[in-house]
>>> print(open('input_16.pdb').read())   # PDB, C-alpha atoms and all ligand atoms
ATOM      1  CA  MET A 353     113.480  69.875 106.597
ATOM      2  CA  SER A 354     110.654  67.449 105.924
ATOM      3  CA  GLY A 355     107.054  68.600 106.176
ATOM      4  CA  ARG A 356     107.818  71.964 104.635
ATOM      5  CA  SER A 357     106.314  72.651 101.242
ATOM      6  CA  ARG A 358     108.837  72.752  98.432
ATOM      7  CA  VAL A 359     108.639  75.901  96.314
ATOM      8  CA  ALA A 360     110.643  76.318  93.100
ATOM      9  CA  VAL A 361     111.414  79.983  92.437
ATOM     10  CA  THR A 362     112.048  80.555  88.741
ATOM     11  CA  ARG A 363     114.030  83.853  88.888
ATOM     12  CA  ARG A 364     116.134  85.816  91.343
ATOM     13  CA  LEU A 365     113.972  87.987  93.572
ATOM     14  CA  PRO A 366     114.858  90.889  95.900
ATOM     15  CA  ALA A 367     116.891  89.627  98.875
ATOM     16  CA  ALA A 368     114.127  90.287 101.419
ATOM     17  CA  VAL A 369     111.758  88.090  99.423
ATOM     18  CA  GLU A 370     114.254  85.269  98.982
ATOM     19  CA  GLU A 371     115.009  85.355 102.715
ATOM     20  CA  GLN A 372     111.309  85.148 103.548
ATOM     21  CA  LEU A 373     110.853  82.297 101.075
ATOM     22  CA  ALA A 374     113.704  80.383 102.721
ATOM     23  CA  ARG A 375     112.084  80.915 106.137
ATOM     24  CA  GLU A 376     108.621  79.793 105.053
ATOM     25  CA  PHE A 377     109.346  76.962 102.630
ATOM     26  CA  ASP A 378     111.856  74.485 101.359
ATOM     27  CA  ALA A 379     112.731  77.055  98.699
ATOM     28  CA  GLN A 380     114.687  76.156  95.574
ATOM     29  CA  LEU A 381     116.112  79.492  94.484
ATOM     30  CA  ASN A 382     117.425  80.307  91.021
ATOM     31  CA  ARG A 383     120.785  81.788  91.996
ATOM     32  CA  ASP A 384     121.992  82.168  88.373
ATOM     33  CA  ASP A 385     118.762  83.943  87.387
ATOM     34  CA  ARG A 386     118.783  82.077  84.096
ATOM     35  CA  PRO A 387     115.208  81.778  82.753
ATOM     36  CA  LEU A 388     114.008  78.177  82.831
ATOM     37  CA  GLU A 389     113.169  76.690  79.460
ATOM     38  CA  ALA A 390     110.282  74.216  79.063
ATOM     39  CA  ALA A 391     112.399  71.324  80.368
ATOM     40  CA  GLY A 392     113.453  73.278  83.453
ATOM     41  CA  LEU A 393     109.871  74.265  84.175
ATOM     42  CA  GLN A 394     108.787  70.656  83.821
ATOM     43  CA  GLN A 395     111.514  69.547  86.182
ATOM     44  CA  ALA A 396     110.222  72.106  88.710
ATOM     45  CA  LEU A 397     106.627  70.948  88.203
ATOM     46  CA  ARG A 398     107.726  67.349  88.779
ATOM     47  CA  THR A 399     109.674  68.000  91.962
ATOM     48  CA  ALA A 400     108.184  71.019  93.774
ATOM     49  CA  ASP A 401     104.817  71.454  95.489
ATOM     50  CA  GLY A 402     104.474  74.932  94.029
ATOM     51  CA  LEU A 403     106.195  77.334  91.651
ATOM     52  CA  LEU A 404     106.784  81.026  92.175
ATOM     53  CA  CYS A 405     106.971  82.061  88.537
ATOM     54  CA  THR A 406     107.227  85.217  86.427
ATOM     55  CA  VAL A 407     106.379  86.637  83.022
ATOM     56  CA  THR A 408     109.477  84.975  81.504
ATOM     57  CA  ASP A 409     108.099  81.467  82.175
ATOM     58  CA  ARG A 410     105.873  80.233  79.373
ATOM     59  CA  ILE A 411     103.732  77.709  81.208
ATOM     60  CA  SER A 412     101.874  76.173  78.294
ATOM     61  CA  ALA A 413      99.561  73.163  78.103
ATOM     62  CA  GLU A 414     102.537  71.110  76.854
ATOM     63  CA  VAL A 415     104.628  72.134  79.850
ATOM     64  CA  LEU A 416     101.735  71.357  82.187
ATOM     65  CA  ALA A 417     101.284  67.928  80.582
ATOM     66  CA  VAL A 418     104.361  66.718  82.506
ATOM     67  CA  GLU A 419     104.142  63.434  84.423
ATOM     68  CA  PRO A 420     104.177  62.968  87.296
ATOM     69  CA  LEU A 421     102.861  66.429  88.173
ATOM     70  CA  GLN A 422     103.771  67.283  91.741
ATOM     71  CA  ALA A 423     103.090  71.047  91.789
ATOM     72  CA  ARG A 424      99.617  72.140  92.838
ATOM     73  CA  ILE A 425     100.038  75.916  92.672
ATOM     74  CA  LEU A 426     101.590  78.486  90.344
ATOM     75  CA  ALA A 427     102.051  81.682  92.369
ATOM     76  CA  ASN A 428     102.773  84.241  89.681
ATOM     77  CA  PHE A 429     104.955  87.211  90.558
ATOM     78  CA  GLY A 430     103.029  89.860  88.605
ATOM     79  CA  VAL A 431      99.455  90.817  87.883
ATOM     80  CA  GLY A 432      99.405  89.717  84.211
ATOM     81  CA  PHE A 433      99.204  85.979  83.622
ATOM     82  CA  ASN A 434      98.907  85.575  79.864
ATOM     83  CA  HIS A 435     102.102  83.469  79.908
ATOM     84  CA  ILE A 436     100.207  80.745  81.795
ATOM     85  CA  ASP A 437      97.644  78.507  80.095
ATOM     86  CA  LEU A 438      94.866  78.857  82.668
ATOM     87  CA  ALA A 439      92.598  76.295  81.028
ATOM     88  CA  ALA A 440      95.380  73.690  81.099
ATOM     89  CA  ALA A 441      96.154  74.574  84.724
ATOM     90  CA  ARG A 442      92.500  74.062  85.645
ATOM     91  CA  THR A 443      92.367  70.754  83.797
ATOM     92  CA  ARG A 444      95.436  69.581  85.674
ATOM     93  CA  GLY A 445      94.088  70.786  89.009
ATOM     94  CA  VAL A 446      96.765  73.440  89.451
ATOM     95  CA  VAL A 447      95.740  76.661  91.212
ATOM     96  CA  VAL A 448      97.063  79.947  89.767
ATOM     97  CA  THR A 449      97.447  83.201  91.710
ATOM     98  CA  ASN A 450      98.770  86.667  90.790
ATOM     99  CA  THR A 451      99.843  89.859  92.619
ATOM    100  CA  PRO A 452      97.319  92.642  91.938
ATOM    101  CA  GLU A 453      97.077  96.031  93.699
ATOM    102  CA  VAL A 454     100.681  96.263  94.918
ATOM    103  CA  LEU A 455     101.954  97.376  91.505
ATOM    104  CA  THR A 456      99.092  99.648  90.471
ATOM    105  CA  GLU A 457     100.682 103.005  91.325
ATOM    106  CA  ASP A 458     104.096 102.147  89.855
ATOM    107  CA  THR A 459     102.584 100.993  86.586
ATOM    108  CA  ALA A 460     100.481 104.150  86.383
ATOM    109  CA  ASP A 461     103.665 106.165  86.976
ATOM    110  CA  ASP A 462     105.313 104.202  84.174
ATOM    111  CA  ALA A 463     102.489 105.071  81.769
ATOM    112  CA  PHE A 464     102.812 108.737  82.683
ATOM    113  CA  MET A 465     106.578 108.610  82.381
ATOM    114  CA  LEU A 466     106.216 107.266  78.828
ATOM    115  CA  MET A 467     103.578 109.863  77.985
ATOM    116  CA  LEU A 468     105.784 112.721  79.161
ATOM    117  CA  MET A 469     108.962 111.287  77.669
ATOM    118  CA  VAL A 470     107.528 110.776  74.210
ATOM    119  CA  ALA A 471     105.522 114.012  74.094
ATOM    120  CA  ARG A 472     108.359 116.158  75.443
ATOM    121  CA  ARG A 473     111.036 114.329  73.430
ATOM    122  CA  ALA A 474     112.990 113.454  76.563
ATOM    123  CA  GLY A 475     114.734 110.423  75.022
ATOM    124  CA  GLU A 476     115.872 112.445  72.040
ATOM    125  CA  GLY A 477     117.145 115.229  74.281
ATOM    126  CA  GLU A 478     119.008 112.849  76.544
ATOM    127  CA  ARG A 479     120.643 111.116  73.594
ATOM    128  CA  GLN A 480     121.739 114.501  72.269
ATOM    129  CA  VAL A 481     123.275 115.564  75.586
ATOM    130  CA  ARG A 482     125.092 112.249  76.051
ATOM    131  CA  ALA A 483     126.448 112.398  72.497
ATOM    132  CA  GLY A 484     127.904 115.858  73.200
ATOM    133  CA  ALA A 485     125.683 117.177  70.413
ATOM    134  CA  TRP A 486     123.817 119.818  72.452
ATOM    135  CA  THR A 487     124.942 123.214  71.215
ATOM    136  CA  GLY A 488     122.971 125.228  73.775
ATOM    137  CA  TRP A 489     119.517 126.619  74.420
ATOM    138  CA  ARG A 490     117.522 128.077  71.562
ATOM    139  CA  PRO A 491     113.833 128.930  71.234
ATOM    140  CA  THR A 492     113.175 126.292  68.602
ATOM    141  CA  HIS A 493     115.146 123.422  70.098
ATOM    142  CA  LEU A 494     113.373 120.029  70.476
ATOM    143  CA  LEU A 495     109.872 121.413  70.641
ATOM    144  CA  GLY A 496     107.495 118.732  71.781
ATOM    145  CA  THR A 497     103.792 118.405  72.437
ATOM    146  CA  LYS A 498     101.993 119.787  75.487
ATOM    147  CA  VAL A 499     100.512 117.137  77.776
ATOM    148  CA  SER A 500      98.545 119.265  80.289
ATOM    149  CA  GLY A 501      94.960 119.894  79.303
ATOM    150  CA  LYS A 502      94.916 117.292  76.523
ATOM    151  CA  THR A 503      92.552 114.345  76.082
ATOM    152  CA  LEU A 504      93.626 110.979  77.450
ATOM    153  CA  GLY A 505      91.930 107.850  76.098
ATOM    154  CA  LEU A 506      92.123 104.769  78.297
ATOM    155  CA  VAL A 507      91.537 101.328  76.818
ATOM    156  CA  GLY A 508      90.337  99.389  79.851
ATOM    157  CA  MET A 509      89.356 100.968  83.169
ATOM    158  CA  GLY A 510      90.696  98.586  85.799
ATOM    159  CA  ARG A 511      92.922  99.435  88.750
ATOM    160  CA  ILE A 512      95.908 100.712  86.749
ATOM    161  CA  ALA A 513      93.823 102.754  84.303
ATOM    162  CA  ARG A 514      92.026 104.404  87.232
ATOM    163  CA  ALA A 515      95.369 105.344  88.784
ATOM    164  CA  VAL A 516      96.412 106.844  85.444
ATOM    165  CA  ALA A 517      93.081 108.703  85.230
ATOM    166  CA  ARG A 518      93.624 110.227  88.690
ATOM    167  CA  ARG A 519      97.078 111.475  87.721
ATOM    168  CA  ALA A 520      95.719 112.859  84.458
ATOM    169  CA  ARG A 521      92.816 114.737  86.039
ATOM    170  CA  LEU A 522      94.406 115.970  89.237
ATOM    171  CA  GLY A 523      97.963 116.536  88.075
ATOM    172  CA  PHE A 524      97.581 117.476  84.438
ATOM    173  CA  GLY A 525      94.027 118.799  84.053
ATOM    174  CA  MET A 526      93.358 116.325  81.273
ATOM    175  CA  ARG A 527      90.008 115.222  79.904
ATOM    176  CA  VAL A 528      89.743 111.468  80.438
ATOM    177  CA  LEU A 529      87.807 109.139  78.138
ATOM    178  CA  PHE A 530      87.689 105.390  78.393
ATOM    179  CA  HIS A 531      86.173 102.204  77.106
ATOM    180  CA  ASP A 532      85.866  99.030  79.118
ATOM    181  CA  PRO A 533      83.455  96.196  78.249
ATOM    182  CA  VAL A 534      82.948  95.825  82.004
ATOM    183  CA  PRO A 535      82.983  99.451  83.179
ATOM    184  CA  PRO A 536      83.449 100.426  86.824
ATOM    185  CA  PRO A 537      80.349 101.434  88.820
ATOM    186  CA  PRO A 538      79.008 104.913  87.897
ATOM    187  CA  GLU A 539      80.104 106.399  91.235
ATOM    188  CA  VAL A 540      83.709 105.351  90.580
ATOM    189  CA  VAL A 541      83.596 106.820  87.074
ATOM    190  CA  GLY A 542      82.055 110.012  88.487
ATOM    191  CA  GLU A 543      84.749 110.317  91.140
ATOM    192  CA  LEU A 544      87.434 109.985  88.489
ATOM    193  CA  GLY A 545      85.767 112.632  86.332
ATOM    194  CA  ALA A 546      86.088 110.218  83.407
ATOM    195  CA  THR A 547      83.694 109.747  80.509
ATOM    196  CA  ALA A 548      82.792 106.355  79.030
ATOM    197  CA  ARG A 549      82.740 105.876  75.281
ATOM    198  CA  PRO A 550      80.746 103.057  73.676
ATOM    199  CA  SER A 551      83.711 101.531  71.836
ATOM    200  CA  VAL A 552      87.506 101.383  71.595
ATOM    201  CA  ASP A 553      87.151 103.079  68.186
ATOM    202  CA  ASP A 554      85.543 106.123  69.816
ATOM    203  CA  VAL A 555      88.350 106.372  72.356
ATOM    204  CA  VAL A 556      91.193 106.121  69.848
ATOM    205  CA  ARG A 557      89.495 108.589  67.493
ATOM    206  CA  GLU A 558      89.192 111.344  70.100
ATOM    207  CA  ALA A 559      92.307 110.964  72.253
ATOM    208  CA  ASP A 560      95.580 112.880  72.086
ATOM    209  CA  PHE A 561      97.140 110.066  74.124
ATOM    210  CA  VAL A 562      95.840 106.497  73.929
ATOM    211  CA  SER A 563      97.001 104.421  76.908
ATOM    212  CA  LEU A 564      96.412 100.657  77.008
ATOM    213  CA  HIS A 565      95.268  99.000  80.231
ATOM    214  CA  CYS A 566      93.509  95.798  79.228
ATOM    215  CA  PRO A 567      94.718  92.271  79.922
ATOM    216  CA  ALA A 568      96.197  90.204  77.091
ATOM    217  CA  THR A 569      93.544  87.680  76.095
ATOM    218  CA  PRO A 570      92.586  86.099  72.759
ATOM    219  CA  GLU A 571      89.971  88.889  72.446
ATOM    220  CA  THR A 572      92.453  91.733  72.973
ATOM    221  CA  ARG A 573      95.212  90.322  70.746
ATOM    222  CA  HIS A 574      96.105  93.048  68.220
ATOM    223  CA  LEU A 575      93.261  95.204  69.510
ATOM    224  CA  ILE A 576      95.364  98.107  68.269
ATOM    225  CA  ASP A 577      95.784  97.135  64.637
ATOM    226  CA  ALA A 578      96.323  99.031  61.375
ATOM    227  CA  ARG A 579      92.664 100.065  61.233
ATOM    228  CA  ARG A 580      92.570 101.527  64.738
ATOM    229  CA  LEU A 581      95.950 103.198  64.281
ATOM    230  CA  LYS A 582      94.431 104.953  61.239
ATOM    231  CA  LEU A 583      91.548 106.154  63.396
ATOM    232  CA  MET A 584      93.966 107.928  65.747
ATOM    233  CA  LYS A 585      94.704 111.615  65.250
ATOM    234  CA  PRO A 586      97.929 112.307  63.338
ATOM    235  CA  GLY A 587      99.195 114.210  66.379
ATOM    236  CA  ALA A 588      98.315 111.468  68.868
ATOM    237  CA  PHE A 589     100.612 109.146  70.824
ATOM    238  CA  LEU A 590     100.159 105.475  71.766
ATOM    239  CA  ILE A 591     101.290 104.320  75.222
ATOM    240  CA  ASN A 592     101.565 100.624  76.089
ATOM    241  CA  THR A 593     102.314  99.416  79.611
ATOM    242  CA  ALA A 594      99.902  96.451  79.332
ATOM    243  CA  ARG A 595     101.162  93.623  77.126
ATOM    244  CA  GLY A 596     102.860  93.600  73.745
ATOM    245  CA  ASP A 597     100.231  91.296  72.258
ATOM    246  CA  VAL A 598      97.599  94.034  72.480
ATOM    247  CA  VAL A 599      99.355  95.946  69.684
ATOM    248  CA  ASP A 600     100.143  94.688  66.198
ATOM    249  CA  GLU A 601     103.790  95.748  66.289
ATOM    250  CA  GLN A 602     104.244  95.608  62.502
ATOM    251  CA  ALA A 603     101.185  97.804  61.998
ATOM    252  CA  LEU A 604     102.562 100.200  64.604
ATOM    253  CA  VAL A 605     105.897 100.423  62.796
ATOM    254  CA  ALA A 606     104.046 101.137  59.548
ATOM    255  CA  ALA A 607     101.884 103.819  61.206
ATOM    256  CA  LEU A 608     104.928 105.497  62.746
ATOM    257  CA  LYS A 609     106.743 105.463  59.402
ATOM    258  CA  ALA A 610     103.732 106.887  57.589
ATOM    259  CA  ARG A 611     103.280 109.479  60.367
ATOM    260  CA  THR A 612      99.704 108.250  60.864
ATOM    261  CA  ILE A 613     100.382 108.908  64.546
ATOM    262  CA  ALA A 614     102.938 111.201  66.198
ATOM    263  CA  GLY A 615     104.774 108.672  68.353
ATOM    264  CA  ALA A 616     104.654 105.801  70.806
ATOM    265  CA  GLY A 617     105.841 105.026  74.315
ATOM    266  CA  LEU A 618     106.324 101.303  74.850
ATOM    267  CA  ASP A 619     107.191  99.303  77.953
ATOM    268  CA  VAL A 620     106.119  95.911  76.593
ATOM    269  CA  TYR A 621     106.569  94.065  73.294
ATOM    270  CA  GLU A 622     105.084  91.155  71.406
ATOM    271  CA  ARG A 623     108.229  89.003  71.620
ATOM    272  CA  GLU A 624     110.186  90.377  74.580
ATOM    273  CA  PRO A 625     113.052  91.054  74.727
ATOM    274  CA  ALA A 626     113.017  91.084  70.908
ATOM    275  CA  MET A 627     111.306  93.877  69.025
ATOM    276  CA  SER A 628     111.016  95.129  65.456
ATOM    277  CA  PRO A 629     114.505  96.560  64.807
ATOM    278  CA  GLU A 630     112.955  99.566  63.064
ATOM    279  CA  LEU A 631     111.509 100.743  66.380
ATOM    280  CA  ARG A 632     115.034 101.283  67.691
ATOM    281  CA  THR A 633     115.819 103.630  64.810
ATOM    282  CA  MET A 634     112.836 105.916  65.367
ATOM    283  CA  GLU A 635     113.311 109.140  67.312
ATOM    284  CA  ASN A 636     109.603 109.544  68.066
ATOM    285  CA  VAL A 637     109.431 106.280  70.007
ATOM    286  CA  VAL A 638     110.369 105.747  73.647
ATOM    287  CA  LEU A 639     111.384 102.169  74.408
ATOM    288  CA  LEU A 640     111.567 100.930  77.990
ATOM    289  CA  PRO A 641     112.501  97.375  79.057
ATOM    290  CA  HIS A 642     109.280  96.272  80.837
ATOM    291  CA  LEU A 643     109.803  98.519  83.870
ATOM    292  CA  GLY A 644     106.163  98.935  84.980
ATOM    293  CA  SER A 645     106.570  97.536  88.479
ATOM    294  CA  ALA A 646     110.336  97.913  88.718
ATOM    295  CA  THR A 647     110.836  99.718  92.014
ATOM    296  CA  GLN A 648     112.535  98.204  95.027
ATOM    297  CA  GLU A 649     109.426  98.713  97.161
ATOM    298  CA  THR A 650     107.005  97.195  94.689
ATOM    299  CA  ARG A 651     109.099  94.186  93.715
ATOM    300  CA  VAL A 652     109.390  93.321  97.440
ATOM    301  CA  ALA A 653     105.631  93.814  97.875
ATOM    302  CA  MET A 654     104.952  91.565  94.857
ATOM    303  CA  GLY A 655     107.169  88.858  96.320
ATOM    304  CA  MET A 656     105.491  89.085  99.726
ATOM    305  CA  ARG A 657     102.085  88.897  98.080
ATOM    306  CA  ALA A 658     103.101  85.746  96.186
ATOM    307  CA  ILE A 659     104.356  84.275  99.477
ATOM    308  CA  GLU A 660     101.029  85.125 101.116
ATOM    309  CA  ASN A 661      99.228  83.236  98.350
ATOM    310  CA  LEU A 662     101.520  80.215  98.694
ATOM    311  CA  LYS A 663     101.156  80.141 102.485
ATOM    312  CA  ALA A 664      97.378  80.308 102.305
ATOM    313  CA  PHE A 665      97.255  77.551  99.716
ATOM    314  CA  PHE A 666      99.551  75.196 101.633
ATOM    315  CA  SER A 667      97.621  75.792 104.841
ATOM    316  CA  GLY A 668      94.424  74.742 103.093
ATOM    317  CA  ALA A 669      92.892  78.242 102.972
ATOM    318  CA  PRO A 670      91.719  79.896  99.735
ATOM    319  CA  PRO A 671      94.556  82.084  98.381
ATOM    320  CA  ARG A 672      93.594  85.756  98.205
ATOM    321  CA  ASP A 673      94.531  86.264  94.548
ATOM    322  CA  ARG A 674      93.346  83.106  92.870
ATOM    323  CA  VAL A 675      92.799  83.523  89.121
ATOM    324  CA  ALA A 676      92.370  79.831  88.226
TER
HETATM  325  C1  LIG B 701     106.029  92.270  86.219
HETATM  326  C2  LIG B 701     103.972  92.938  84.872
HETATM  327  O1  LIG B 701     107.278  92.814  86.383
HETATM  328  O2  LIG B 701     102.717  92.401  86.785
HETATM  329  C3  LIG B 701     102.787  92.380  85.574
HETATM  330  O3  LIG B 701     101.866  91.927  84.881
HETATM  331  O4  LIG B 701     103.968  93.092  83.720
HETATM  332  C4  LIG B 701     105.186  93.343  85.622
HETATM  333  O5  LIG B 701     104.814  94.214  86.646
HETATM  334  C5  LIG B 701     106.164  91.003  85.461
HETATM  335  O6  LIG B 701     104.988  90.501  85.001
HETATM  336  C6  LIG B 701     106.832  89.999  86.380
HETATM  337  O7  LIG B 701     106.399  88.698  86.196
END
>>> encode(input="input_16.pdb", output="structure tokens", more="lines below")
Ligand code: 8YV
Amino acid sequence: MSGRSRVAVTRRLPAAVEEQLAREFDAQLNRDDRPLEAAGLQQALRTADGLLCTVTDRISAEVLAVEPLQARILANFGVGFNHIDLAAARTRGVVVTNTPEVLTEDTADDAFMLMLMVARRAGEGERQVRAGAWTGWRPTHLLGTKVSGKTLGLVGMGRIARAVARRARLGFGMRVLFHDPVPPPPEVVGELGATARPSVDDVVREADFVSLHCPATPETRHLIDARRLKLMKPGAFLINTARGDVVDEQALVAALKARTIAGAGLDVYEREPAMSPELRTMENVVLLPHLGSATQETRVAMGMRAIENLKAFFSGAPPRDRVA
């Protein structure tokens, strides 16, 4: 149908979202769900008015240099947008939007799931049961680390960190510390019962669980490096549901080997889906495949939010979640 905006959708999305996309736009769906490489992304940028893209699309300056550039909006399905070169998008006059808020609670759940799994050795236990290696209950079997009442250190205090802080305080009676270069207003911090620390170093030094909730930017790349891992308590755990780039994965492997820290719960990796093979051999590490927002409800809500941004943009209104 002419007159309808053409939207290239880079991955398969939940059926309800694809149906809505087909109703609203001239939607080019990716039925095979094969990630588009640079050439495929460029083809989409040349032919569609907008892209609905995801974390698996590396939209670099080179990709955006395509001629002729037809697309005027990148509606990202996800809150993180470090896979998109925002400066290049701005230069090329391409608007970028994301999907905040709708995935906050699920990602906070994911962080807590990792915290509990790694501290209570749930992965190890499950592997034992599945292998038929469980010989029965005994008082000294798979003793883990208590979570309730411990100190949680949050790196970043945005929406997701606050949702983690609420769970920690209300559900687990934890003491919550945080550092954020742009902290929330004092009344928000007070409501959460959280305590600010002047630096990331202070947070990692004091926490029993360090949970990462900052965006991936040039400034936060390898924020958790060998030095900061050494500052952590030997009994402490590192939880990452933010982005792989925030942690120096090689330094983490070294720290885990040297028992500088007690364990790690990871949902994200520096070179997804690849990871340091040594991580897979370690019992004190829980490895999830980027599941932060992976619930039926939330993935539909993310899709609808991206559609809302596209509709606003094509109708000439400012999209609600513009990031560039
Ligand atoms: C998404 C995420 O699944 O929103 C984010 O930043 O990491 C995940 O919730 C992913 O980014 C989809 O593009």
>>> residues_near_ligand(input="input_16.pdb", ligand="ligand LIG 701 (chain B)", cutoff="8 Å", atoms="all atoms listed in the file", output="ChimeraX atom specification")
/A:405-408,428-433,451-452,455,459,593-595,620,642-646,651
>>> closest_residue(input="input_16.pdb", among="A:Ala676, A:Ala379, A:Gln602, A:Gly392", to="Thr443 of chain A", atoms="all atoms listed in the file")
A:Ala676
>>> closest_residue(input="input_16.pdb", among="A:Arg386, A:Asn434, A:Arg375, A:Asp600", to="Ser628 of chain A", atoms="all atoms listed in the file")
A:Asp600
>>> atom_distance(input="input_16.pdb", atom1="atom CA of Leu468 of chain A", atom2="atom CA of Pro550 of chain A")
27.4 Å
>>> residues_around(input="input_16.pdb", residues="Gly402 of chain A", least_positions_apart="5", cutoff="10 Å", atoms="all atoms listed in the file", output="VMD selection string")
chain A and resid 357 to 361 379 396 to 397 422 to 427 446 to 448 662 665 to 666
>>> closest_residue(input="input_16.pdb", among="A:Leu522, A:Leu639, A:Val562, A:Arg364", to="Gly545 of chain A", atoms="all atoms listed in the file")
A:Leu522
>>> atom_distance(input="input_16.pdb", atom1="atom CA of Ala367 of chain A", atom2="atom CA of Asn382 of chain A")
12.2 Å
>>> closest_residue(input="input_16.pdb", among="A:Val598, A:Leu590, A:Ala400, A:Leu583", to="Val638 of chain A", atoms="all atoms listed in the file")
A:Leu590
>>> resolve_selection(input="input_16.pdb", expression="the PyMOL selection byres (((chain A and resi 497-509) around 6) and not hetatm)", output="mmCIF file with C-alpha atoms, keeping the file's coordinate frame")
data_model
loop_
_atom_site.group_PDB
_atom_site.id
_atom_site.type_symbol
_atom_site.label_atom_id
_atom_site.label_comp_id
_atom_site.auth_asym_id
_atom_site.auth_seq_id
_atom_site.Cartn_x
_atom_site.Cartn_y
_atom_site.Cartn_z
ATOM 1 C CA ALA A 471 105.522 114.012 74.094
ATOM 2 C CA ARG A 472 108.359 116.158 75.443
ATOM 3 C CA GLY A 496 107.495 118.732 71.781
ATOM 4 C CA GLY A 510 90.696 98.586 85.799
ATOM 5 C CA ALA A 513 93.823 102.754 84.303
ATOM 6 C CA ARG A 514 92.026 104.404 87.232
ATOM 7 C CA PHE A 524 97.581 117.476 84.438
ATOM 8 C CA GLY A 525 94.027 118.799 84.053
ATOM 9 C CA MET A 526 93.358 116.325 81.273
ATOM 10 C CA ARG A 527 90.008 115.222 79.904
ATOM 11 C CA VAL A 528 89.743 111.468 80.438
ATOM 12 C CA LEU A 529 87.807 109.139 78.138
ATOM 13 C CA PHE A 530 87.689 105.390 78.393
ATOM 14 C CA HIS A 531 86.173 102.204 77.106
ATOM 15 C CA ASP A 532 85.866 99.030 79.118
ATOM 16 C CA VAL A 555 88.350 106.372 72.356
ATOM 17 C CA ALA A 559 92.307 110.964 72.253
ATOM 18 C CA ASP A 560 95.580 112.880 72.086
ATOM 19 C CA PHE A 561 97.140 110.066 74.124
ATOM 20 C CA VAL A 562 95.840 106.497 73.929
ATOM 21 C CA SER A 563 97.001 104.421 76.908
ATOM 22 C CA LEU A 564 96.412 100.657 77.008
ATOM 23 C CA HIS A 565 95.268 99.000 80.231
ATOM 24 C CA CYS A 566 93.509 95.798 79.228
#
>>> resolve_selection(input="input_16.pdb", expression="the PyMOL selection byres (((chain A and resi 597) around 8) and not hetatm)", output="list in words")
Ala568, Thr572, Arg573, His574, Arg595, Gly596, Val598, Val599, Asp600, Tyr621 and Glu622 of chain A
>>> write_last_selection(input="input_16.pdb", atoms="C-alpha atoms", output="short mmCIF file (atom, residue, chain, number, x, y, z; two decimals), in the coordinates of the input")
data_model
loop_
_atom_site.label_atom_id
_atom_site.label_comp_id
_atom_site.auth_asym_id
_atom_site.auth_seq_id
_atom_site.Cartn_x
_atom_site.Cartn_y
_atom_site.Cartn_z
CA ALA A 568 96.20 90.20 77.09
CA THR A 572 92.45 91.73 72.97
CA ARG A 573 95.21 90.32 70.75
CA HIS A 574 96.10 93.05 68.22
CA ARG A 595 101.16 93.62 77.13
CA GLY A 596 102.86 93.60 73.74
CA VAL A 598 97.60 94.03 72.48
CA VAL A 599 99.36 95.95 69.68
CA ASP A 600 100.14 94.69 66.20
CA TYR A 621 106.57 94.06 73.29
CA GLU A 622 105.08 91.16 71.41
#
>>> resolve_selection(input="input_16.pdb", expression="the PyMOL selection byres (((chain A and resi 460) around 8) and not hetatm)", output="number ranges by chain")
A: 456-459, 461-464, 512-513, 515-516, 644
>>> closest_residue(input="input_16.pdb", among="A:Thr650, A:Asn661, A:Thr612, A:Thr633", to="Val454 of chain A", atoms="only C-alpha atoms")
A:Thr650
>>> atom_distance(input="input_16.pdb", atom1="atom CA of Arg473 of chain A", atom2="atom CA of Leu494 of chain A")
6.8 Å
>>> axis_aligned_box(input="input_16.pdb", around="segment 575-590 of chain A", padding_each_side="3 Å", output="AutoDock Vina command-line options")
--center_x 96.1 --center_y 104.7 --center_z 66.5 --size_x 15.1 --size_y 25.0 --size_z 16.5
>>> closest_residue(input="input_16.pdb", among="A:Glu476, A:Glu453, A:Glu370, A:Glu389", to="Arg672 of chain A", atoms="all atoms listed in the file")
A:Glu453
>>> residues_around(input="input_16.pdb", residues="Gln395 of chain A", least_positions_apart="4", cutoff="12 Å", atoms="only C-alpha atoms", output="JSON, numbers by chain")
{"A": [360, 362, 380, 388, 389, 390, 391, 399, 400, 401, 402, 403, 415, 416, 417, 418, 419, 420, 421, 422, 423]}
>>> decode(input="input_16.pdb", residues="segment 617-623 of chain A", atoms="N, CA and C atoms", output="PDB file, in the first residue's frame")
ATOM      1  N   GLY A 617      27.850 -13.932  38.438  1.00  0.00           N
ATOM      2  CA  GLY A 617      26.606 -14.262  37.746  1.00  0.00           C
ATOM      3  C   GLY A 617      26.515 -13.344  36.545  1.00  0.00           C
ATOM      4  N   LEU A 618      26.558 -13.920  35.350  1.00  0.00           N
ATOM      5  CA  LEU A 618      26.644 -13.092  34.139  1.00  0.00           C
ATOM      6  C   LEU A 618      25.470 -13.360  33.203  1.00  0.00           C
ATOM      7  N   ASP A 619      24.893 -12.280  32.704  1.00  0.00           N
ATOM      8  CA  ASP A 619      23.830 -12.389  31.697  1.00  0.00           C
ATOM      9  C   ASP A 619      24.309 -11.837  30.354  1.00  0.00           C
ATOM     10  N   VAL A 620      25.408 -11.085  30.404  1.00  0.00           N
ATOM     11  CA  VAL A 620      25.905 -10.380  29.215  1.00  0.00           C
ATOM     12  C   VAL A 620      27.422 -10.556  29.127  1.00  0.00           C
ATOM     13  N   TYR A 621      27.957 -10.441  27.908  1.00  0.00           N
ATOM     14  CA  TYR A 621      29.354 -10.766  27.650  1.00  0.00           C
ATOM     15  C   TYR A 621      29.946  -9.760  26.675  1.00  0.00           C
ATOM     16  N   GLU A 622      31.273  -9.682  26.694  1.00  0.00           N
ATOM     17  CA  GLU A 622      31.926  -8.696  25.823  1.00  0.00           C
ATOM     18  C   GLU A 622      31.705  -8.985  24.353  1.00  0.00           C
ATOM     19  N   ARG A 623      31.708 -10.260  23.960  1.00  0.00           N
ATOM     20  CA  ARG A 623      31.576 -10.593  22.530  1.00  0.00           C
ATOM     21  C   ARG A 623      30.484 -11.633  22.335  1.00  0.00           C
TER      22      ARG A 623
END
